[in-house]
Every structure is written in structure tokens, then in C-alpha cells.
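Read the structure below first, then the notes.
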Amino acid sequence: AVNAISGVLANEFAPRKIRVNVVSPGYVVTEGTHTAGISGSEMEAGMVAQTPLGRAGRPDDIAGVVTFLASDDARWLTGENITASGGIR
């Protein structure tokens with residue numbers, strides 16, 4: 001559904017030179033995961049164990065992807081769903 005939505009929006013905005021992409025993050029340690037009690041829990045350990053890169057994400061991991069998509073280096077990308085998850089599919 002995300003790909004379909006981003007594809008439709010991309011087609012609609014492309015003539016105006018507006019690129020539309022989606023970033024789908026995996027598990028990222030945030031203030032919210034700490035507040036919810038997920039950080040340091042067995043649930044977190046299970047998610048990290050499934051991650052090929054062997055660690056939870058950090059906000060700057062996602063920020064780097066977003067920064068790239070906002071840059072001119074991504075000028076040929078539109079209608080894409082970028083999964084930033086440390087390898088979990």
C-alpha cells in the first residue's frame with residue numbers, strides 16, 4: 001500500500017519537479033521506546049537478534065537516509081519506499 005500511495009503521489013507531483021519518497025524505519029531507539037519500556041527489554045533483544053547488522057537503529061541512521069533523499073544526489077528517485085531497518089525485511 002505504501003508503494004502504491006507513493007507511486008500515485010509521485011506521478012501526480014513529478015510534472016512539477018516534486019519528488020515523493022517514503023522512508024520505512026525498522027526498530028529505532030528513541031525517547032518513546034525508553035518511555036514505553038521497550039529499550040532494554042526482552043522485546044528489544046528479540047528485535048536486535050533478528051537484525052543482520054546486530055543492533056537497534058539510532059535516529060541519526062534514519063536522518064542520514066532522509067538527508068540523502070532530500071539532496072540532489074537522489075534527483076533520480078521518486079515513488080520509492082526506502083526500508084532503513086538494519087537488514088530486517
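Chain identifiers are assigned as A, B, and so on, following the order in which chains appear in the C-alpha cells; residues are numbered from 1 within each chain, and ligands are numbered from 1 in order of appearance.
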
Running DSSP on the backbone, which parts of chain A land in alpha helix (DSSP H), as a short mmCIF file (atom, residue, chain, number, x, y, z; two decimals) with C-alpha atoms, in the first residue's frame?
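Saved as part-v5.cif:
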```
data_model
loop_
_atom_site.label_atom_id
_atom_site.label_comp_id
_atom_site.auth_asym_id
_atom_site.auth_seq_id
_atom_site.Cartn_x
_atom_site.Cartn_y
_atom_site.Cartn_z
CA VAL A 2 2.84 2.41 0.80
CA ASN A 3 4.41 1.79 -2.61
CA ALA A 4 1.08 2.33 -4.34
CA ILE A 5 0.45 5.57 -2.48
CA SER A 6 3.96 6.90 -3.05
CA GLY A 7 3.73 5.87 -6.72
CA VAL A 8 0.41 7.68 -7.25
CA LEU A 9 1.61 10.82 -5.41
CA ALA A 10 4.92 10.65 -7.33
CA ASN A 11 3.10 10.51 -10.67
CA GLU A 12 0.90 13.40 -9.64
CA PHE A 13 3.76 15.67 -8.49
CA GLU A 31 12.76 8.68 23.79
CA GLY A 32 9.45 6.93 23.08
CA THR A 33 10.95 3.42 23.23
CA HIS A 34 12.54 4.31 26.55
CA THR A 35 9.25 5.69 27.92
CA GLU A 42 13.42 -8.85 26.02
CA MET A 43 11.31 -7.48 23.18
CA GLU A 44 14.16 -5.20 22.12
CA ALA A 45 16.66 -8.05 22.42
CA GLY A 46 14.49 -10.16 20.13
CA MET A 47 14.27 -7.41 17.51
CA VAL A 48 18.01 -6.77 17.61
CA ALA A 49 18.71 -10.52 17.33
CA GLN A 50 16.78 -10.55 14.02
CA PRO A 59 17.73 8.48 14.98
CA ASP A 60 20.82 9.57 13.03
CA ASP A 61 20.63 6.34 10.99
CA ILE A 62 17.24 7.44 9.69
CA ALA A 63 18.26 11.09 9.42
CA GLY A 64 21.06 10.11 7.03
CA VAL A 65 18.60 8.39 4.70
CA VAL A 66 16.23 11.37 4.79
CA THR A 67 19.12 13.77 4.19
CA PHE A 68 20.17 11.74 1.16
CA LEU A 69 16.62 11.71 -0.24
CA ALA A 70 16.37 15.47 0.21
#
```

Inset, instruction - Just the residues within 12 Å of Arg89 in chain A, please, counting only C-alpha atoms, with nothing from its chain fewer than 6 positions along; format it as number ranges by chain. - result: A: 24-27, 47, 50-52, 82-83

Inset, instruction - To one decimal in Å, tell me the separation between CA of Asn81 in chain A and CA of Val20 in chain A. - result: 9.3 Å

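Between CA of Ala74 in chain A and CA of Gly57 in chain A there is a distance of 22.1 Å.
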